[in-house]
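Please read the structure below before turning to the comments.
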Amino acid sequence: MLDLVEGWDRDNEHTTWIMRHACRSLIKAGHPKALAMFGFGDTPRVRLENVSVTPDPVSWEGTVAIAFDLVSTARKAQNLMVDYVVHYRTANGSTAPKVFKLKEITLEAGERTSIATKRSLQERTTRRHHPGGHAVEIQINGQACGCADFELLGPT
């Protein structure tokens, strides 16, 4: 599939949307060729600071706030695709990762930026939650760069 879309015209915004949509699972998985196709193939030259998930513990069907500072250690501007991965606790006690898109940014040399988002832990038909330890991992250009844990309390 990547070989097929690689030669397509990226100057057309509609074609680019189709290409990005077709590659979305590969991009979330951090596939190097898929990331490079959209300008995110370079190894991120960044430092993560102040990674936090609050509150901890979080009440059943609550919401967590995810925040961190991203500091460029590169000598020139770099394109970054910033995602986060929630490692959800499963019924058997293991964890299962789910990637969520967060932000695409260009970070200048030495630049610092703060990034924050929220994730609801309400029960859904597509995702059942289980009490216990969970983790949030920050993924930049397909590479894990930092992590924070949190505890989900059981239903009352």
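Order determines the names: the first chain of the structure tokens is A, the second B, and so forth; residues in each chain are numbered 1 upward, and ligands are numbered 1 upward as they are shown.
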Inset, instruction - Name all residues at most 12 Å from Asn92 of chain A (count only C-alpha atoms; drop same-chain ones fewer than 5 positions away) and give them as a PyMOL selection string. - result: chain A and resi 129-132
Can I get the selection written as a compact mmCIF listing (two decimals), in the first residue's frame, with N, CA and C atoms?
```
# COMPACT_ATOMS: atom_id res chain seq x y z
N HIS A 129 -13.36 -0.49 30.95
CA HIS A 129 -12.24 -0.16 31.81
C HIS A 129 -12.17 -1.12 32.98
N HIS A 130 -10.97 -1.32 33.49
CA HIS A 130 -10.74 -2.21 34.62
C HIS A 130 -9.88 -1.48 35.63
N PRO A 131 -10.23 -1.60 36.92
CA PRO A 131 -9.44 -0.91 37.94
C PRO A 131 -8.01 -1.44 37.99
N GLY A 132 -7.12 -0.57 38.44
CA GLY A 132 -5.72 -0.96 38.58
C GLY A 132 -4.80 0.02 37.89
```
Legend entry - Residue contacts of segment 67-84 of chain A (8 Å, only C-alpha atoms) excluding same-chain residues fewer than 6 positions away, as an NGL selection string: :A and (28 or 39-40 or 44-53 or 99-117 or 136-142)
Inset, instruction - Please measure the separation of atom CA of Gln122 of chain A and atom CA of Trp60 of chain A, giving the value in Å to one decimal. - result: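 Pair atom CA of Gln122 of chain A / atom CA of Trp60 of chain A returns 7.6 Å.
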Inset, instruction - Do a neighbour search on Arg119 of chain A at 8 Å with only C-alpha atoms, toss out local chain neighbours closer than 3 positions, and write the hits as a VMD selection string. - result: chain A and resid 63 to 66
Inset, instruction - Apply DSSP to the backbone of this structure and, from segment 4-60 of chain A, keep only the residues in helix (DSSP H, G or I); write these as a PyMOL selection string. - result: chain A and resi 4-6+13-22+24-28+32-37
Dump as a compact mmCIF listing (two decimals), in the first residue's frame, selection limited to C-alpha atoms:
```txt
# COMPACT_ATOMS: atom_id res chain seq x y z
CA LEU A 4 1.16 2.52 -4.23
CA VAL A 5 0.50 5.87 -2.53
CA GLU A 6 4.14 7.00 -2.42
CA GLU A 13 -5.12 18.51 -0.57
CA HIS A 14 -7.79 15.88 -1.36
CA THR A 15 -5.20 13.36 -2.48
CA THR A 16 -3.11 14.09 0.60
CA TRP A 17 -6.15 13.47 2.81
CA ILE A 18 -6.79 10.11 1.12
CA MET A 19 -3.13 9.15 1.53
CA ARG A 20 -3.08 10.12 5.22
CA HIS A 21 -6.36 8.29 5.83
CA ALA A 22 -5.04 5.16 4.12
CA ARG A 24 -3.42 6.18 9.56
CA SER A 25 -2.92 2.77 11.20
CA LEU A 26 0.69 2.59 10.02
CA ILE A 27 1.32 6.14 11.27
CA LYS A 28 -0.14 5.31 14.70
CA PRO A 32 9.08 4.61 9.52
CA LYS A 33 8.17 4.79 5.81
CA ALA A 34 4.62 5.99 6.52
CA LEU A 35 5.90 8.69 8.89
CA ALA A 36 8.59 9.78 6.42
CA MET A 37 5.98 10.13 3.68
```
Legend entry - Closest of A:Leu152, A:Pro55, A:Ala144, A:Ala29 to Thr90 of chain A - atom-to-atom distances counting only C-alpha atoms: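 The shortest atom-to-atom distance to Thr90 of chain A comes from A:Leu152.
Atom pair atom CA of Val58 of chain A / atom CA of Asp149 of chain A has a distance of 11.1 Å (rounded to one decimal).
Going from atom CA of Gly41 of chain A over to atom CA of Ala135 of chain A, you cover 25.5 Å.
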Inset, instruction - Find the residue from A:Trp8, A:His134, A:Glu123, A:Leu153 that sits nearest to Pro97 of chain A; use only C-alpha atoms when measuring. - result: A:His134
Inset, instruction - Taking the chain letters and numbering used in this document, name the residues of chain A that DSSP puts in strand (DSSP E or B), as a ChimeraX atom specification. - result: /A:46-54,58,63-72,78-89,95-107,112-120,132-140,143-152
Legend entry - Pick from A:Lys118, A:His87, A:Arg10, A:His31, whichever lies nearest to Cys147 of chain A using only C-alpha atoms: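 Of the candidates, the smallest distance to Cys147 of chain A is held by A:His87.
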